[in-house]
Structure formats: C-alpha cells, structure tokens
$ cat input_36.txt   # compact mmCIF, C-alpha atoms
# COMPACT_ATOMS: atom_id res chain seq x y z
CA MET Y 28 139.90 52.96 207.63
CA ALA Y 29 140.59 49.53 206.13
CA ILE Y 30 138.49 46.43 206.60
CA ALA Y 31 139.75 44.41 209.58
CA ARG Y 32 142.56 41.93 209.05
CA LYS Y 33 141.38 39.57 211.80
CA ILE Y 34 137.84 39.25 213.17
CA LEU Y 35 136.78 37.53 216.36
CA ILE Y 36 133.25 36.10 216.26
CA ALA Y 37 131.67 36.45 219.72
CA ASN Y 38 129.08 33.78 219.06
CA ARG Y 39 128.58 30.13 218.21
CA GLY Y 40 126.62 27.77 215.98
CA GLU Y 41 125.40 28.47 212.49
CA ILE Y 42 125.83 32.26 212.66
CA ALA Y 43 129.47 31.91 213.69
CA CYS Y 44 130.00 29.55 210.74
CA ARG Y 45 128.20 32.02 208.45
CA VAL Y 46 130.46 34.91 209.48
CA ILE Y 47 133.57 32.76 209.16
CA GLU Y 48 132.57 31.76 205.62
CA THR Y 49 132.20 35.36 204.46
CA ALA Y 50 135.42 36.44 206.18
CA ARG Y 51 137.35 33.63 204.50
CA ARG Y 52 135.98 34.64 201.10
CA LEU Y 53 137.24 38.18 201.73
CA GLY Y 54 140.66 37.02 202.94
CA ILE Y 55 140.04 38.01 206.57
CA ALA Y 56 141.45 35.80 209.34
CA THR Y 57 138.96 34.56 211.94
CA VAL Y 58 138.98 33.73 215.64
CA ALA Y 59 136.32 31.51 217.20
CA VAL Y 60 135.51 31.49 220.90
CA TYR Y 61 133.97 28.51 222.64
CA SER Y 62 132.61 27.19 225.90
CA ASP Y 63 133.52 23.79 227.28
CA ALA Y 64 130.27 22.43 225.84
CA ASP Y 65 131.32 23.65 222.38
CA ARG Y 66 134.90 22.45 222.29
CA HIS Y 67 134.11 20.16 219.33
CA ALA Y 68 131.67 22.54 217.62
CA LEU Y 69 131.82 23.20 213.88
CA HIS Y 70 132.60 26.93 214.24
CA VAL Y 71 135.66 25.99 216.31
CA ARG Y 72 136.89 23.70 213.54
CA ARG Y 73 136.32 26.20 210.75
CA ALA Y 74 137.99 29.28 212.25
CA ASP Y 75 141.69 30.00 211.82
CA GLU Y 76 142.09 30.21 215.61
CA ALA Y 77 139.94 29.24 218.57
CA VAL Y 78 140.01 30.37 222.18
CA ARG Y 79 138.28 28.79 225.17
CA ILE Y 80 136.36 31.42 227.12
CA GLY Y 81 134.74 29.48 229.95
CA GLY Y 82 132.45 26.75 231.22
CA ASP Y 83 129.38 25.19 229.70
CA ALA Y 84 126.75 27.82 230.48
CA SER Y 85 126.47 31.02 228.42
CA SER Y 86 126.85 33.09 231.60
CA GLU Y 87 130.30 31.56 232.00
CA SER Y 88 131.30 31.93 228.35
CA TYR Y 89 129.44 33.73 225.55
CA LEU Y 90 128.09 36.36 227.97
CA ASN Y 91 131.44 36.78 229.73
CA ILE Y 92 132.63 40.16 228.47
CA ASP Y 93 135.99 40.01 230.26
CA ALA Y 94 136.81 36.60 228.81
CA ILE Y 95 135.97 37.73 225.29
CA LEU Y 96 138.04 40.90 225.68
CA GLU Y 97 140.97 38.75 226.81
CA ALA Y 98 140.53 36.59 223.70
CA VAL Y 99 140.55 39.72 221.52
CA GLN Y 100 143.77 40.91 223.11
CA SER Y 101 145.56 37.56 223.07
CA THR Y 102 144.82 36.90 219.40
CA GLY Y 103 145.32 40.44 218.12
CA ALA Y 104 141.87 40.61 216.56
CA ASP Y 105 141.08 44.15 215.42
CA ALA Y 106 137.30 43.72 215.12
CA VAL Y 107 134.49 41.71 216.69
CA HIS Y 108 131.33 40.44 215.02
CA PRO Y 109 128.69 39.67 217.65
CA GLY Y 110 126.32 37.56 215.53
CA PHE Y 111 122.85 37.57 217.07
CA GLY Y 112 121.76 36.86 220.62
CA PHE Y 113 124.29 36.78 223.47
CA LEU Y 114 126.13 40.16 223.51
CA SER Y 115 124.98 41.40 220.11
CA GLU Y 116 122.73 44.10 221.62
CA ASN Y 117 124.71 44.73 224.80
CA ALA Y 118 125.77 48.36 225.09
CA LYS Y 119 128.33 47.56 227.81
CA PHE Y 120 130.06 45.14 225.45
CA ALA Y 121 130.15 47.66 222.60
CA THR Y 122 131.50 50.31 224.98
CA ALA Y 123 134.19 47.98 226.31
CA LEU Y 124 135.37 47.19 222.77
CA GLU Y 125 135.45 50.88 221.91
CA LYS Y 126 137.59 51.63 224.97
CA ALA Y 127 139.93 48.80 223.97
CA GLY Y 128 140.32 50.25 220.47
CA THR Y 129 138.60 47.27 218.85
CA THR Y 130 136.00 47.77 216.10
CA PHE Y 131 132.51 46.55 216.93
CA ILE Y 132 130.84 45.30 213.76
CA GLY Y 133 127.47 46.74 214.65
CA PRO Y 134 125.77 50.04 215.47
CA GLY Y 135 126.85 52.67 217.96
CA VAL Y 136 126.13 52.54 221.67
CA ARG Y 137 123.38 55.16 221.49
CA ALA Y 138 121.36 53.13 219.00
CA ILE Y 139 121.78 49.93 221.01
CA GLU Y 140 120.70 51.55 224.27
CA SER Y 141 117.74 53.51 222.93
CA MET Y 142 116.33 50.74 220.74
CA GLY Y 143 116.94 48.07 223.39
CA ASP Y 144 114.38 49.68 225.68
CA LYS Y 145 110.90 49.16 224.23
CA ILE Y 146 109.45 52.14 226.07
CA GLU Y 147 112.22 54.51 224.97
CA SER Y 148 112.20 53.13 221.43
CA LYS Y 149 108.46 53.78 221.09
CA ARG Y 150 108.95 57.37 222.27
CA ILE Y 151 111.74 57.97 219.75
CA ALA Y 152 109.72 56.29 216.99
CA ALA Y 153 106.73 58.54 217.65
CA GLU Y 154 108.94 61.64 217.59
CA ALA Y 155 110.44 60.46 214.27
CA GLY Y 156 106.98 60.21 212.70
CA VAL Y 157 106.76 56.43 212.88
CA SER Y 158 103.32 54.93 213.39
CA THR Y 159 103.12 53.31 216.85
CA VAL Y 160 100.56 51.00 218.44
CA PRO Y 161 98.04 52.88 220.63
CA GLY Y 162 98.85 52.47 224.30
CA HIS Y 163 100.46 53.95 227.40
CA PRO Y 164 103.93 55.37 226.65
CA ASP Y 165 105.49 54.72 230.07
CA ALA Y 166 106.12 51.76 232.36
CA VAL Y 167 103.04 50.83 234.37
CA ALA Y 168 103.33 51.20 238.13
CA ASP Y 169 101.09 48.34 239.22
CA ALA Y 170 98.20 46.07 238.28
CA ASP Y 171 95.61 48.70 239.15
CA GLU Y 172 97.17 51.21 236.75
CA ALA Y 173 97.34 48.54 234.05
CA HIS Y 174 93.62 47.92 234.56
CA ARG Y 175 92.83 51.64 234.27
CA ILE Y 176 94.85 51.98 231.04
CA ALA Y 177 93.15 48.90 229.57
CA GLN Y 178 89.79 50.52 230.27
CA GLU Y 179 90.89 53.63 228.37
CA ILE Y 180 92.24 51.94 225.23
CA GLY Y 181 89.92 48.93 225.23
CA CYS Y 182 90.60 45.22 225.31
CA PRO Y 183 92.25 43.14 224.10
CA VAL Y 184 95.55 44.61 225.28
CA MET Y 185 99.13 43.35 225.27
CA LEU Y 186 101.11 43.53 228.52
CA LYS Y 187 104.73 43.55 227.41
CA ALA Y 188 108.09 43.68 229.19
CA SER Y 189 110.15 46.74 228.26
CA ALA Y 190 113.35 44.66 228.08
CA GLY Y 191 111.59 41.64 226.57
CA GLY Y 192 112.29 39.48 223.57
CA GLY Y 193 111.75 35.97 222.28
CA GLY Y 194 108.16 35.96 223.46
CA LYS Y 195 109.12 36.32 227.14
CA GLY Y 196 107.35 38.83 229.37
CA MET Y 197 104.29 39.04 227.10
CA ARG Y 198 100.66 38.42 228.01
CA VAL Y 199 97.43 39.13 226.13
CA ALA Y 200 94.44 40.22 228.20
CA ASN Y 201 91.25 39.68 226.22
CA THR Y 202 89.01 41.11 228.96
CA LEU Y 203 89.43 43.57 231.79
CA GLU Y 204 89.19 40.66 234.23
CA ASP Y 205 92.39 39.23 232.70
CA VAL Y 206 94.47 42.42 233.02
CA ARG Y 207 95.66 42.27 236.62
CA ALA Y 208 96.74 38.63 236.47
CA GLY Y 209 98.36 39.19 233.07
CA PHE Y 210 100.29 42.18 234.39
CA GLU Y 211 101.70 40.25 237.35
CA ALA Y 212 102.63 37.28 235.16
CA ALA Y 213 104.39 39.48 232.60
CA ARG Y 214 106.24 41.40 235.32
CA ASN Y 215 107.40 38.26 237.14
CA GLU Y 216 108.60 36.63 233.93
CA ALA Y 217 110.39 39.82 232.88
CA ARG Y 218 112.14 40.08 236.24
CA THR Y 219 113.36 36.49 235.99
CA ALA Y 220 114.36 36.57 232.32
CA PHE Y 221 115.82 40.08 232.00
CA GLY Y 222 116.37 41.45 235.49
CA ASP Y 223 114.03 44.30 234.53
CA ASP Y 224 110.40 44.11 235.58
CA ARG Y 225 109.07 47.17 233.78
CA VAL Y 226 105.91 46.43 231.82
CA PHE Y 227 103.88 48.63 229.46
CA VAL Y 228 100.41 48.28 227.99
CA GLU Y 229 99.41 48.66 224.37
CA LYS Y 230 96.48 47.74 222.16
CA PHE Y 231 96.64 44.14 220.96
CA ILE Y 232 96.23 44.03 217.19
CA GLU Y 233 94.05 41.04 216.31
CA GLU Y 234 94.85 38.86 213.29
CA PRO Y 235 98.15 40.70 212.75
CA ARG Y 236 100.96 39.97 210.36
CA HIS Y 237 104.57 40.38 211.42
CA ILE Y 238 106.54 42.30 208.79
CA GLU Y 239 110.10 43.52 209.23
CA ILE Y 240 112.16 45.95 207.19
CA GLN Y 241 115.86 45.24 206.64
CA LEU Y 242 118.06 48.33 206.90
CA ILE Y 243 121.67 49.08 206.09
CA ALA Y 244 123.24 52.37 207.14
CA ASP Y 245 126.74 53.82 206.95
CA THR Y 246 128.58 56.03 209.41
CA HIS Y 247 128.01 59.08 207.20
CA GLY Y 248 124.26 59.33 207.76
CA ASN Y 249 123.10 57.38 204.70
CA CYS Y 250 120.49 54.64 205.15
CA LEU Y 251 118.60 52.30 202.82
CA TYR Y 252 115.83 49.79 203.33
CA LEU Y 253 116.23 46.42 201.60
CA HIS Y 254 112.53 45.62 201.37
CA GLU Y 255 110.70 43.40 203.83
CA ARG Y 256 110.45 39.94 205.29
CA GLU Y 257 107.25 38.18 206.27
CA CYS Y 258 107.65 36.47 209.66
CA SER Y 259 104.03 35.78 210.60
CA ILE Y 260 104.26 32.01 210.98
CA GLN Y 261 105.31 31.60 214.58
CA ARG Y 262 105.05 29.14 217.43
CA ARG Y 263 104.86 30.53 220.97
CA HIS Y 264 105.93 33.96 219.68
CA GLN Y 265 109.04 32.44 218.08
CA LYS Y 266 109.52 32.73 214.32
CA VAL Y 267 109.48 29.41 212.48
CA VAL Y 268 109.23 30.20 208.76
CA GLU Y 269 110.31 33.47 207.11
CA GLU Y 270 110.09 34.68 203.53
CA ALA Y 271 110.97 37.60 201.31
CA PRO Y 272 109.32 39.52 199.91
CA SER Y 273 106.01 39.38 201.78
CA PRO Y 274 103.19 37.94 199.66
CA VAL Y 275 100.72 40.57 200.90
CA ILE Y 276 102.59 43.90 200.99
CA ASP Y 277 101.81 46.25 198.10
CA PRO Y 278 104.27 48.85 196.76
CA ASP Y 279 102.67 51.79 198.61
CA THR Y 280 102.73 50.00 201.96
CA ARG Y 281 106.28 48.79 201.36
CA ARG Y 282 107.45 52.32 200.59
CA ALA Y 283 105.70 53.79 203.63
CA MET Y 284 107.15 51.16 205.96
CA GLY Y 285 110.62 51.51 204.47
CA GLU Y 286 110.65 55.28 204.75
CA GLN Y 287 109.50 55.16 208.37
CA ALA Y 288 112.15 52.56 209.20
CA VAL Y 289 114.84 54.77 207.68
CA ALA Y 290 113.55 57.79 209.62
CA LEU Y 291 113.82 55.86 212.88
CA ALA Y 292 117.34 54.65 212.10
CA GLN Y 293 118.52 58.14 211.28
CA ALA Y 294 116.96 59.48 214.49
CA VAL Y 295 119.43 57.38 216.52
CA ASP Y 296 122.42 57.75 214.14
CA TYR Y 297 122.21 54.09 213.22
CA ALA Y 298 125.08 52.47 211.32
CA SER Y 299 125.40 48.80 210.22
CA ALA Y 300 122.67 46.29 209.39
CA GLY Y 301 119.50 46.39 211.46
CA THR Y 302 115.82 45.56 211.33
CA VAL Y 303 112.67 47.47 212.18
CA GLU Y 304 109.74 45.22 213.01
CA PHE Y 305 106.13 46.21 212.37
CA ILE Y 306 102.72 44.76 213.18
CA VAL Y 307 100.46 44.91 210.14
CA ASP Y 308 96.68 44.72 210.28
CA GLY Y 309 95.86 41.46 208.54
CA SER Y 310 92.14 41.45 209.24
CA GLY Y 311 91.19 43.14 205.97
CA ALA Y 312 92.64 44.94 202.99
CA LEU Y 313 96.13 46.25 203.74
CA ARG Y 314 96.57 50.00 203.78
CA ALA Y 315 99.64 52.19 203.64
CA ASP Y 316 98.70 53.43 207.13
CA GLY Y 317 97.63 50.03 208.51
CA PHE Y 318 100.88 49.16 210.27
CA TRP Y 319 102.53 49.99 213.59
CA PHE Y 320 106.08 49.96 214.94
CA MET Y 321 106.90 47.12 217.31
CA GLU Y 322 110.67 47.19 217.90
CA MET Y 323 114.07 47.62 216.30
CA ASN Y 324 116.70 44.88 216.40
CA THR Y 325 120.16 46.45 216.39
CA ARG Y 326 121.88 43.42 214.93
CA LEU Y 327 121.75 40.85 212.17
CA GLN Y 328 118.58 38.75 212.22
CA VAL Y 329 118.36 34.95 212.11
CA GLU Y 330 116.25 35.31 208.97
CA HIS Y 331 118.61 37.62 207.06
CA PRO Y 332 119.40 35.01 204.33
CA VAL Y 333 116.03 35.42 202.62
CA THR Y 334 116.78 39.12 202.08
CA GLU Y 335 120.22 38.26 200.73
CA GLU Y 336 118.73 35.78 198.30
CA VAL Y 337 116.24 38.21 196.73
CA THR Y 338 118.41 41.35 196.74
CA GLY Y 339 121.86 39.89 196.04
CA VAL Y 340 123.33 41.87 198.97
CA ASP Y 341 125.65 39.95 201.31
CA LEU Y 342 124.67 41.52 204.61
CA VAL Y 343 127.65 40.19 206.57
CA ALA Y 344 130.15 41.48 204.01
CA THR Y 345 128.26 44.77 204.02
CA GLN Y 346 128.57 44.94 207.81
CA PHE Y 347 132.33 44.46 207.49
CA ALA Y 348 132.60 47.30 204.99
CA LEU Y 349 130.33 49.69 206.88
CA ALA Y 350 132.29 49.11 210.10
CA SER Y 351 135.42 50.19 208.23
CA GLY Y 352 133.84 53.53 207.34
CA ARG Y 353 132.84 52.79 203.74
CA THR Y 354 129.79 54.60 202.40
CA LEU Y 355 126.79 52.89 200.86
CA ALA Y 356 127.57 54.62 197.57
CA GLU Y 357 131.08 53.14 197.59
CA LEU Y 358 129.45 49.73 197.92
CA GLY Y 359 127.18 50.37 194.96
CA LEU Y 360 124.19 50.78 197.26
CA ASP Y 361 123.18 54.38 196.68
CA SER Y 362 119.57 53.31 196.09
CA THR Y 363 117.35 50.44 197.19
CA PRO Y 364 117.94 47.45 194.87
CA GLU Y 365 115.05 45.66 193.24
CA THR Y 366 114.13 42.19 194.42
CA THR Y 367 114.28 39.14 192.18
CA GLY Y 368 112.22 36.04 192.78
CA HIS Y 369 111.14 34.72 196.15
CA ALA Y 370 112.91 33.05 199.10
CA VAL Y 371 111.62 31.04 202.06
CA GLN Y 372 113.58 29.96 205.15
CA ALA Y 373 112.77 27.15 207.58
CA ARG Y 374 114.63 26.51 210.81
CA VAL Y 375 115.97 23.08 211.75
CA VAL Y 376 116.11 22.60 215.52
CA ALA Y 377 117.01 19.82 217.91
CA THR Y 378 113.87 18.83 219.81
CA GLY Y 379 115.44 16.24 222.11
CA THR Y 380 118.66 14.88 223.53
CA GLY Y 381 121.12 12.41 222.06
CA THR Y 382 123.83 12.22 219.43
CA ILE Y 383 123.19 12.88 215.74
CA THR Y 384 124.17 9.70 213.90
CA GLY Y 385 123.49 10.94 210.38
CA TYR Y 386 123.52 14.46 208.99
CA ARG Y 387 123.39 15.64 205.39
CA GLU Y 388 122.60 19.20 204.37
CA PRO Y 389 120.42 19.73 201.29
CA GLY Y 390 121.87 21.64 198.38
CA GLY Y 391 121.60 22.15 194.67
CA ALA Y 392 120.06 24.84 192.52
CA GLY Y 393 117.98 27.26 194.54
CA VAL Y 394 118.80 25.67 197.91
CA ARG Y 395 121.06 27.16 200.56
CA THR Y 396 121.82 25.75 203.99
CA ASP Y 397 123.41 27.75 206.80
CA GLY Y 398 124.21 25.14 209.40
CA ALA Y 399 126.45 23.97 212.21
CA GLY Y 400 125.34 20.35 212.54
CA TYR Y 401 127.32 17.22 211.74
CA ALA Y 402 127.17 13.48 212.34
CA GLY Y 403 128.47 12.79 215.82
CA LEU Y 404 127.28 16.09 217.30
CA THR Y 405 125.45 15.97 220.62
CA PRO Y 406 123.40 19.20 220.76
CA SER Y 407 124.07 21.06 223.99
CA PRO Y 408 121.22 21.69 226.43
CA PHE Y 409 122.88 24.96 227.39
CA PHE Y 410 122.10 26.84 224.18
CA ASP Y 411 119.44 27.56 221.58
CA PRO Y 412 118.60 24.30 219.71
CA LEU Y 413 118.95 25.83 216.22
CA LEU Y 414 121.10 23.51 214.09
CA ALA Y 415 120.57 24.90 210.62
CA LYS Y 416 118.48 27.10 208.36
CA VAL Y 417 117.33 25.82 204.99
CA ILE Y 418 116.59 28.51 202.41
CA GLY Y 419 114.83 27.83 199.15
CA ARG Y 420 114.91 30.40 196.37
CA SER Y 421 113.26 30.69 192.97
CA ASN Y 422 113.58 33.29 190.25
CA THR Y 423 109.82 33.00 189.94
CA SER Y 424 107.77 35.35 192.07
CA LEU Y 425 105.37 33.83 194.57
CA ALA Y 426 102.37 35.19 192.67
CA ASP Y 427 103.51 33.44 189.49
CA ALA Y 428 104.29 30.26 191.41
CA LEU Y 429 100.81 30.20 192.95
CA ASP Y 430 99.29 30.45 189.49
CA MET Y 431 101.17 27.28 188.58
CA ARG Y 432 100.60 25.36 191.80
CA MET Y 433 99.08 21.88 191.90
CA PRO Y 434 95.71 21.36 193.61
CA ALA Y 435 96.28 20.81 197.32
CA ASP Y 436 94.42 17.50 197.35
CA SER Y 437 96.81 16.07 194.74
CA LEU Y 438 99.89 16.54 196.95
CA ASN Y 439 98.91 13.79 199.41
CA LEU Y 440 100.66 15.51 202.31
CA PRO Y 441 99.54 15.73 205.95
CA GLU Y 442 98.20 19.04 207.17
CA LEU Y 443 101.05 21.15 208.51
CA ALA Y 444 99.09 21.81 211.70
CA ASP Y 445 99.10 18.08 212.41
CA VAL Y 446 102.89 18.01 212.21
CA LEU Y 447 103.80 21.18 214.11
CA PRO Y 448 101.15 23.39 215.69
CA MET Y 449 101.72 27.00 214.64
CA GLU Y 450 99.88 30.21 214.93
CA ARG Y 451 100.01 33.57 213.27
CA PHE Y 452 101.96 36.11 215.27
$ encode --input "input_36.txt" --output "structure tokens"
Amino acid sequence: MAIARKILIANRGEIACRVIETARRLGIATVAVYSDADRHALHVRRADEAVRIGGDASSESYLNIDAILEAVQSTGADAVHPGFGFLSENAKFATALEKAGTTFIGPGVRAIESMGDKIESKRIAAEAGVSTVPGHPDAVADADEAHRIAQEIGCPVMLKASAGGGGKGMRVANTLEDVRAGFEAARNEARTAFGDDRVFVEKFIEEPRHIEIQLIADTHGNCLYLHERECSIQRRHQKVVEEAPSPVIDPDTRRAMGEQAVALAQAVDYASAGTVEFIVDGSGALRADGFWFMEMNTRLQVEHPVTEEVTGVDLVATQFALASGRTLAELGLDSTPETTGHAVQARVVATGTGTITGYREPGGAGVRTDGAGYAGLTPSPFFDPLLAKVIGRSNTSLADALDMRMPADSLNLPELADVLPMERF
C-alpha cells in the first residue's frame, strides 16, 4: 500500500497547519475543512484545497461526520488525518471512513473503543500486566456505593467520569464527608459534557507527577516507545508546559513504564502514534514500581513536538507511513532511539476577545513554533483558544543546564505563580 496521494485534515488551527506542512514536504496534496467561523483561518489558506463543512459551532462542522465524508468524496481524498480533539478518538468516524474505503490515519476501531472508556481501559491494562491505581473497577451505581468504596480504599479518592477528559467530570474527595457531593457533581458534569454519566472511584495519588509515554506501532504487531514527556505543570487539570525527557525519571523507571505501555498497546492491536499516560508518585524517591496507568490517548498529542525534538522522529510523517502499511523496521525504527538534549513546550492561548493587531512568531536556533495565528485574526469563541505552541530545544541535557544556571535572585523576574497560577497535576 502506498502513502496517500491526497490527505484531508479533519481539524483546524495549529495542528491542521502542522499536518499540512509535513504533507507538503512529502509531496502529498492536502484538503482543509472549515466552519463559517474559520473561513479566513490559516489552515484554510495553506492547504491545496478547502471545503466548507458547516456553521460556526463544532457540532455543525468539525464534529459533523456526514459533512466531512462528503468533503472526502468531493475532493477525492484517499486518507484522513484527524489531528487531536474533535473526531480524532471517535470510533464511529473511523468506522465510517473504513466503510467508505478511505484510510484513517490513526489506530483501529477496537483500540479507539476500548481505550476511550476509562473503565474498560483499566480492565485491559490490568490484564496486560500494567500497574493500575487502586480502586473500584466498575462504574459506581450511586453516591452511597461511592461512599462505601471510599471507606474501603481510604481517602483521598478521585471520582472520575468514565468518558471524561480535559479535567471534566473529575472531583477529589479528601474526606468521606466529601464523597457523596463529589460523586453527584462528577456525574452531573459528565452527563452534560459527554452524554455519559458513569463514574468510577480510585485512590487519589497525592503530590503526583504526570508522565506520558509516546508510542508508535505498525500494523504488523511491532511497537516501540519513544521515551517520556513530563506534563506535571497544569492549570485546572489542563497541561500548560510540557518537556522531554522528564527531569526526574531514571532509566529503570523509564524502561518499566515503556515496556508496560507497549504491552497495553499490543493488547488492543494498536497501530499508529499514541500515548499512554501514567501517574507517578512524586512524594519521595521514584521507584520502578511507583507509577500507575491513568489512560491511553489513541491519537497525536498536543505536546508531541517535544518528543520529536529530542528523538528526531517526525511523528506525523511516521503516522502517514504506518497508515500505508509500512513496518517500523522499514522506517529505520526497529529499536527505541536515544534522546539528545532537552525540549520544553509552552502553549500560547487567547485569553480574551478582540482582533490580533500584531503577531510575530519566535524563531532561530533551538526555537520552533507550531502556530495558526496572524495579525488580523479574531480568535473564535467557538473553539479551543490555542493559537500556537513555542518549543525550545537545546543539545545540552537539563541536568547539565542546571549546573550552569544563574542564581535565581540574579534573574530579576517575577515569580511565575504571580503571573499565572499553576498547580502540579
């Protein structure tokens, strides 16, 4: 099977621009889709073709499977890249493309369905020998059952929506008195956000770190882990700053996490790029058994550039090749590559309304910007406010850089907490 000749990107913003850039470098034609709110967007300008798929809201456009399928048919695209968010982890969308004879640049339907359900994914992970957070394996019937389970495993506990994501449908109960109210709040938010009010209970790991393992897998059963990303700096359960590799993970822990992530991927016949997220005990010395599975994202992650920068692997180009049936060995990836240097990513978001009157992306040695902003853009209230991601990379490892750092009091900078309140995950 050859790599697609024309790819439709079923997304918008900086990730659509990122996919278009890689496709153009490989000589692949691109099709953008857009809502009315995005008719002047940068991804529309950069693609070879662009098709309107509906009104302003995502429900009328980027989540409209029929409209996207019509765009695929009308343009003759032979593959679809879903980006992240929207339909990227929608099994119905992947199934519809398969029935239409169009390649989905992502994993198979089984992997999407099983890993998209947090309760089912935890069951599969446990069966695959992956360390999971102590808790109740099934959806909780009501607040009284949640209270009983919390008594058994001990507070604090996390009440978490099975279909959740982005920090929605999550509540921490620090005492038994908090459990019933937390359960009802998590269930109501889950019902509103996801149309699925199932909630489960698990032990809340205090002072955790959020570490994720990047995977790539081919359709022939081969899978590799591309080391880890540290995503512990978050605000309201949303990642803000990401880096690779983690400054605290030792080789034994990295190997153990990577091997468990691969085992989980192979248990669901995973193919494409994906990420397994772990909670790591950050309260003391890290141990090779001091981590627990949280979830698997069956798509490209927002923070994938930091992995690309330290491994030299273009994950989007790799997705293209894997979707065409190429093996990892054919791509020169028959073993996990070493990392070089250190990379950090920060997100640039619109925090208010109005038109951008000036916009200049940083660049130069060691600086990469994946963006979709421009002077004259009025960020839409209908979509995620992410405008760009700025990635800094050095050939120097973080440990070496810290040895050379200036004293903090000589930098004359405000405390970060005074600028943007953040918390560890």
$ atom_distance --input "input_36.txt" --atom1 "atom CA of Y:Asn38" --atom2 "atom CA of Y:Leu90"
9.3 Å
$ atom_distance --input "input_36.txt" --atom1 "atom CA of Y:Gly352" --atom2 "atom CA of Y:Gly135"
12.7 Å
$ residues_around --input "input_36.txt" --residues "Y:Ser273" --least-positions-apart "4" --cutoff "7 Å" --atoms "all atoms listed in the file" --output "list in words"
Glu255, Arg256 and Glu257 of chain Y
$ residues_around --input "input_36.txt" --residues "Y:Glu233" --least-positions-apart "2" --cutoff "9 Å" --atoms "all atoms listed in the file" --output "ChimeraX atom specification"
/Y:183,231,235,308-310
$ residues_near_point --input "input_36.txt" --point "(122.9, 46.1, 226.3)" --cutoff "9 Å" --atoms "all atoms listed in the file" --output "PyMOL selection string"
chain Y and resi 114-121+136+139-140+143
$ closest_residue --input "input_36.txt" --among "Y:Gly390, Y:Ser407, Y:Ala356, Y:Asp361" --to "Y:Thr378" --atoms "all atoms listed in the file"
Y:Ser407
$ residues_around --input "input_36.txt" --residues "Y:Met321" --least-positions-apart "2" --cutoff "10 Å" --atoms "only C-alpha atoms" --output "VMD selection string"
chain Y and resid 145 148 to 149 152 158 to 160 237 to 239 303 to 307 318 to 319 323
$ residues_near_point --input "input_36.txt" --point "(115.3, 36.7, 205.6)" --cutoff "8 Å" --atoms "all atoms listed in the file" --output "ChimeraX atom specification"
/Y:256,269-271,328-335,370-372
